[in-house]
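**Q** Take this structure first; my questions come after.
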Amino acid sequence: MQKTTLYAEHRRLNAKMTDFNGWEMPLYYTSIIEEHQAVRAAAGIFDISHMGQAWISGPGALETLNELAVSDLANVGEGRACYTMLLNEQGGILDDVIVYRLGPQECLVIVNCANRAGDVAWMQAHRRGTVDVRDISGGRSILAVQGPLSVPLLEDILAFPVKALGRFDVAP
């Protein structure tokens with residue numbers, strides 16, 4: 001079973017672990033109800049490091065993604081993200097993804113763990129010219145932070161004005 005880079009910490013904190021598509025992931029630490037209420041009242045942090053991360057860059061990167069996704073990513077400004085879908089050649093849905101536009105021709109694409117290898121291979125097979133499509137998932141982590149106290153918590157930890165970020169904004 002695959003493990004995220006935070007696996008040892010989950011075990012140290014006595015998380016109840018479960019199999020999620022071949023990944024050993026934390027289900028809860030105390031109880032599902034208690035943790036649900038904590039997120040609704042304060043904040044919760046979730047390890048979603050099992051999600052795949054693909055880096056798409058180089059001349060034609062944006063055009064490559066525009067041919068593969070349902071959304072027009074040219075309308076997504078730098079420092080913004082877009083929830084969209086990767087499509088096959090018949091227009092069928094391969095996966096739902098989030099595309100972060102980090103530069104004029106630099107994007108980070110977050111894909112579902114079950115589709116990671118196939119999504120990356122699909123993007124590589126359909127890239128334009130010298131576009132670089134790389135799976136950068138290994139050794140990286142993603143944390144999702146939710147709840148009404150998540151903004152002040154993150155501002156304290158990161159020393160960054162998180163409150164200034166809008167929905168689907170991204171900052172280094």
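Following the order of the structure tokens, chains are lettered A, B, ..., residues in each are numbered from 1, and ligands are numbered from 1.
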Got a sec: who's within 6 Å of Ala69 in chain A, counting only C-alpha atoms, leaving out chain neighbours fewer than 2 positions off, as a ChimeraX atom specification?

**A** /A:65-67,71,85-87

**Q** At a cut-off of 9 Å, using only C-alpha atoms, what residues contact Trp23 in chain A? Leave out same-chain residues fewer than 3 positions from it and give the result as number ranges by chain.

**A** A: 1-4, 18-20, 50, 113

**Q** Excluding Val131 in chain A and its own-chain neighbours fewer than 2 positions away, which residues fall within 10 Å of it when counting only C-alpha atoms? Please give them as a PDB file with N, CA and C atoms, in the first residue's frame.

**A**
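Listing of result.pdb after writing:
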ATOM      1  N   ILE A  56       3.137  21.203 -16.075  1.00  0.00           N
ATOM      2  CA  ILE A  56       3.055  21.397 -17.519  1.00  0.00           C
ATOM      3  C   ILE A  56       3.717  22.738 -17.805  1.00  0.00           C
ATOM      4  N   SER A  57       4.772  22.750 -18.625  1.00  0.00           N
ATOM      5  CA  SER A  57       5.477  24.005 -18.860  1.00  0.00           C
ATOM      6  C   SER A  57       6.117  24.033 -20.240  1.00  0.00           C
ATOM      7  N   GLY A  58       6.479  25.237 -20.646  1.00  0.00           N
ATOM      8  CA  GLY A  58       7.147  25.450 -21.919  1.00  0.00           C
ATOM      9  C   GLY A  58       6.217  26.047 -22.949  1.00  0.00           C
ATOM     10  N   PRO A  59       6.810  26.506 -24.061  1.00  0.00           N
ATOM     11  CA  PRO A  59       5.992  27.112 -25.123  1.00  0.00           C
ATOM     12  C   PRO A  59       4.893  26.156 -25.598  1.00  0.00           C
ATOM     13  N   GLY A  60       3.642  26.607 -25.505  1.00  0.00           N
ATOM     14  CA  GLY A  60       2.505  25.787 -25.906  1.00  0.00           C
ATOM     15  C   GLY A  60       1.842  25.042 -24.765  1.00  0.00           C
ATOM     16  N   ALA A  61       2.312  25.240 -23.535  1.00  0.00           N
ATOM     17  CA  ALA A  61       1.720  24.527 -22.389  1.00  0.00           C
ATOM     18  C   ALA A  61       0.247  24.868 -22.226  1.00  0.00           C
ATOM     19  N   LEU A  62      -0.065  26.143 -22.277  1.00  0.00           N
ATOM     20  CA  LEU A  62      -1.453  26.572 -22.111  1.00  0.00           C
ATOM     21  C   LEU A  62      -2.319  26.055 -23.262  1.00  0.00           C
ATOM     22  N   GLU A  63      -1.797  26.101 -24.469  1.00  0.00           N
ATOM     23  CA  GLU A  63      -2.530  25.611 -25.629  1.00  0.00           C
ATOM     24  C   GLU A  63      -2.762  24.097 -25.526  1.00  0.00           C
ATOM     25  N   THR A  64      -1.746  23.375 -25.034  1.00  0.00           N
ATOM     26  CA  THR A  64      -1.890  21.928 -24.828  1.00  0.00           C
ATOM     27  C   THR A  64      -3.040  21.648 -23.870  1.00  0.00           C
ATOM     28  N   GLN A 105       3.226  30.231 -19.274  1.00  0.00           N
ATOM     29  CA  GLN A 105       3.203  28.886 -19.851  1.00  0.00           C
ATOM     30  C   GLN A 105       3.630  27.857 -18.799  1.00  0.00           C
ATOM     31  N   GLU A 106       3.160  28.049 -17.563  1.00  0.00           N
ATOM     32  CA  GLU A 106       3.463  27.125 -16.461  1.00  0.00           C
ATOM     33  C   GLU A 106       2.185  26.831 -15.688  1.00  0.00           C
ATOM     34  N   MET A 123      -1.715  13.472 -21.077  1.00  0.00           N
ATOM     35  CA  MET A 123      -1.204  14.813 -21.336  1.00  0.00           C
ATOM     36  C   MET A 123       0.130  14.753 -22.087  1.00  0.00           C
ATOM     37  N   GLN A 124       0.984  13.791 -21.733  1.00  0.00           N
ATOM     38  CA  GLN A 124       2.268  13.642 -22.440  1.00  0.00           C
ATOM     39  C   GLN A 124       2.045  13.265 -23.899  1.00  0.00           C
ATOM     40  N   HIS A 126      -0.388  13.976 -25.775  1.00  0.00           N
ATOM     41  CA  HIS A 126      -1.080  15.011 -26.539  1.00  0.00           C
ATOM     42  C   HIS A 126      -0.457  16.400 -26.376  1.00  0.00           C
ATOM     43  N   ARG A 127       0.767  16.445 -25.914  1.00  0.00           N
ATOM     44  CA  ARG A 127       1.411  17.752 -25.741  1.00  0.00           C
ATOM     45  C   ARG A 127       1.823  18.341 -27.078  1.00  0.00           C
ATOM     46  N   ARG A 128       1.918  19.628 -27.100  1.00  0.00           N
ATOM     47  CA  ARG A 128       2.346  20.353 -28.302  1.00  0.00           C
ATOM     48  C   ARG A 128       3.857  20.565 -28.246  1.00  0.00           C
ATOM     49  N   GLY A 129       4.522  20.344 -29.348  1.00  0.00           N
ATOM     50  CA  GLY A 129       5.943  20.668 -29.482  1.00  0.00           C
ATOM     51  C   GLY A 129       6.807  20.192 -28.338  1.00  0.00           C
ATOM     52  N   VAL A 133       5.727  17.779 -19.743  1.00  0.00           N
ATOM     53  CA  VAL A 133       4.671  17.259 -18.872  1.00  0.00           C
ATOM     54  C   VAL A 133       5.339  16.273 -17.926  1.00  0.00           C
ATOM     55  N   ARG A 134       5.390  16.631 -16.643  1.00  0.00           N
ATOM     56  CA  ARG A 134       6.070  15.792 -15.651  1.00  0.00           C
ATOM     57  C   ARG A 134       5.170  15.488 -14.464  1.00  0.00           C
TER      58      ARG A 134
END

**Q** Fewer than 5 positions away in the same chain doesn't count, so skip those; otherwise give me all residues within 10 Å of Tyr28 in chain A, counting only C-alpha atoms, as a ChimeraX atom specification.

**A** /A:10,14-18,33-36,46

**Q** From the DSSP assignment of the backbone, select every residue of range 24-135 of chain A that is alpha helix (DSSP H), and format the answer as a PyMOL selection string.

**A** chain A and resi 32-41+61-68+116-125

**Q** Calculated over only C-alpha atoms, which of the candidates A:Ile45, A:Leu102, A:Ile136, A:Ala81 has the smallest distance to Gly166 in chain A?

**A**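 Residue with the minimum atom-to-atom distance to Gly166 in chain A: A:Ala81.
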
**Q** Rounded to one decimal, what separation in Å do you get between CA of Thr5 in chain A and CA of Pro148 in chain A?

**A**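 These two atoms are separated by 26.9 Å.
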
**Q** Please provide the set of residues having any atom within 9 Å of range 89-95 of chain A, restricted to only C-alpha atoms, with same-chain residues fewer than 4 positions apart removed, written as a ChimeraX atom specification.

**A** /A:68,70,84-85,111-112,115,118-119

**Q** If you keep all heavy atoms, can you produce a file of those selected residues as a PDB file, in the first residue's frame?

**A**
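Output contents, as saved in selection-v2.pdb:
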ATOM      1  N   LEU A  68      -7.047  19.808 -24.139  1.00  0.00           N
ATOM      2  CA  LEU A  68      -7.373  18.614 -23.353  1.00  0.00           C
ATOM      3  C   LEU A  68      -8.454  18.835 -22.303  1.00  0.00           C
ATOM      4  O   LEU A  68      -9.026  17.875 -21.798  1.00  0.00           O
ATOM      5  CB  LEU A  68      -6.100  18.089 -22.665  1.00  0.00           C
ATOM      6  CG  LEU A  68      -4.948  17.709 -23.600  1.00  0.00           C
ATOM      7  CD1 LEU A  68      -3.738  17.295 -22.790  1.00  0.00           C
ATOM      8  CD2 LEU A  68      -5.375  16.623 -24.567  1.00  0.00           C
ATOM      9  N   VAL A  70     -12.001  20.993 -20.694  1.00  0.00           N
ATOM     10  CA  VAL A  70     -13.269  21.581 -21.121  1.00  0.00           C
ATOM     11  C   VAL A  70     -13.269  23.104 -20.977  1.00  0.00           C
ATOM     12  O   VAL A  70     -13.952  23.798 -21.716  1.00  0.00           O
ATOM     13  CB  VAL A  70     -14.448  20.924 -20.358  1.00  0.00           C
ATOM     14  CG1 VAL A  70     -14.510  21.398 -18.931  1.00  0.00           C
ATOM     15  CG2 VAL A  70     -15.753  21.158 -21.065  1.00  0.00           C
ATOM     16  N   THR A  84     -11.808  21.971 -13.634  1.00  0.00           N
ATOM     17  CA  THR A  84     -12.237  21.616 -14.977  1.00  0.00           C
ATOM     18  C   THR A  84     -12.155  20.103 -15.155  1.00  0.00           C
ATOM     19  O   THR A  84     -11.950  19.370 -14.193  1.00  0.00           O
ATOM     20  CB  THR A  84     -11.389  22.381 -16.036  1.00  0.00           C
ATOM     21  OG1 THR A  84     -11.944  22.168 -17.328  1.00  0.00           O
ATOM     22  CG2 THR A  84      -9.926  21.983 -15.989  1.00  0.00           C
ATOM     23  N   MET A  85     -12.303  19.651 -16.380  1.00  0.00           N
ATOM     24  CA  MET A  85     -12.250  18.223 -16.678  1.00  0.00           C
ATOM     25  C   MET A  85     -11.325  17.967 -17.856  1.00  0.00           C
ATOM     26  O   MET A  85     -11.337  18.728 -18.825  1.00  0.00           O
ATOM     27  CB  MET A  85     -13.642  17.684 -16.998  1.00  0.00           C
ATOM     28  CG  MET A  85     -14.534  17.655 -15.785  1.00  0.00           C
ATOM     29  SD  MET A  85     -16.261  17.441 -16.213  1.00  0.00           S
ATOM     30  CE  MET A  85     -16.718  19.136 -16.478  1.00  0.00           C
ATOM     31  N   VAL A 111      -4.565  16.008 -10.149  1.00  0.00           N
ATOM     32  CA  VAL A 111      -5.420  14.944 -10.682  1.00  0.00           C
ATOM     33  C   VAL A 111      -5.774  13.966  -9.569  1.00  0.00           C
ATOM     34  O   VAL A 111      -5.089  13.895  -8.551  1.00  0.00           O
ATOM     35  CB  VAL A 111      -4.727  14.204 -11.854  1.00  0.00           C
ATOM     36  CG1 VAL A 111      -4.370  15.165 -12.972  1.00  0.00           C
ATOM     37  CG2 VAL A 111      -3.491  13.449 -11.397  1.00  0.00           C
ATOM     38  N   ASN A 112      -6.822  13.202  -9.768  1.00  0.00           N
ATOM     39  CA  ASN A 112      -7.217  12.191  -8.795  1.00  0.00           C
ATOM     40  C   ASN A 112      -6.203  11.056  -8.759  1.00  0.00           C
ATOM     41  O   ASN A 112      -5.643  10.674  -9.785  1.00  0.00           O
ATOM     42  CB  ASN A 112      -8.613  11.658  -9.127  1.00  0.00           C
ATOM     43  CG  ASN A 112      -9.670  12.679  -8.802  1.00  0.00           C
ATOM     44  OD1 ASN A 112      -9.883  13.008  -7.649  1.00  0.00           O
ATOM     45  ND2 ASN A 112     -10.308  13.224  -9.824  1.00  0.00           N
ATOM     46  N   ASN A 115      -6.354   8.108 -11.170  1.00  0.00           N
ATOM     47  CA  ASN A 115      -6.133   8.402 -12.588  1.00  0.00           C
ATOM     48  C   ASN A 115      -4.764   9.008 -12.868  1.00  0.00           C
ATOM     49  O   ASN A 115      -4.487   9.396 -13.999  1.00  0.00           O
ATOM     50  CB  ASN A 115      -7.214   9.371 -13.086  1.00  0.00           C
ATOM     51  CG  ASN A 115      -8.601   8.814 -12.889  1.00  0.00           C
ATOM     52  OD1 ASN A 115      -8.825   7.623 -13.004  1.00  0.00           O
ATOM     53  ND2 ASN A 115      -9.535   9.677 -12.574  1.00  0.00           N
ATOM     54  N   GLY A 118      -2.546   7.513 -15.781  1.00  0.00           N
ATOM     55  CA  GLY A 118      -3.248   7.658 -17.049  1.00  0.00           C
ATOM     56  C   GLY A 118      -3.383   9.104 -17.482  1.00  0.00           C
ATOM     57  O   GLY A 118      -3.214   9.429 -18.659  1.00  0.00           O
ATOM     58  N   ASP A 119      -3.674  10.004 -16.532  1.00  0.00           N
ATOM     59  CA  ASP A 119      -3.807  11.421 -16.859  1.00  0.00           C
ATOM     60  C   ASP A 119      -2.480  11.998 -17.344  1.00  0.00           C
ATOM     61  O   ASP A 119      -2.438  12.734 -18.332  1.00  0.00           O
ATOM     62  CB  ASP A 119      -4.297  12.225 -15.648  1.00  0.00           C
ATOM     63  CG  ASP A 119      -5.759  12.001 -15.327  1.00  0.00           C
ATOM     64  OD1 ASP A 119      -6.470  11.350 -16.117  1.00  0.00           O
ATOM     65  OD2 ASP A 119      -6.195  12.485 -14.253  1.00  0.00           O
TER      66      ASP A 119
END

**Q** So which bits of range 49-155 of chain A end up strand (DSSP E) when you DSSP the backbone, as a ChimeraX atom specification?

**A** /A:52-57,80-87,93-103,106-111,132-135,143-146

**Q** Between CA of Arg80 in chain A and CA of Met25 in chain A, what distance in Å does the model show, to one decimal?

**A**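 CA of Met25 in chain A lies 28.5 Å from CA of Arg80 in chain A.
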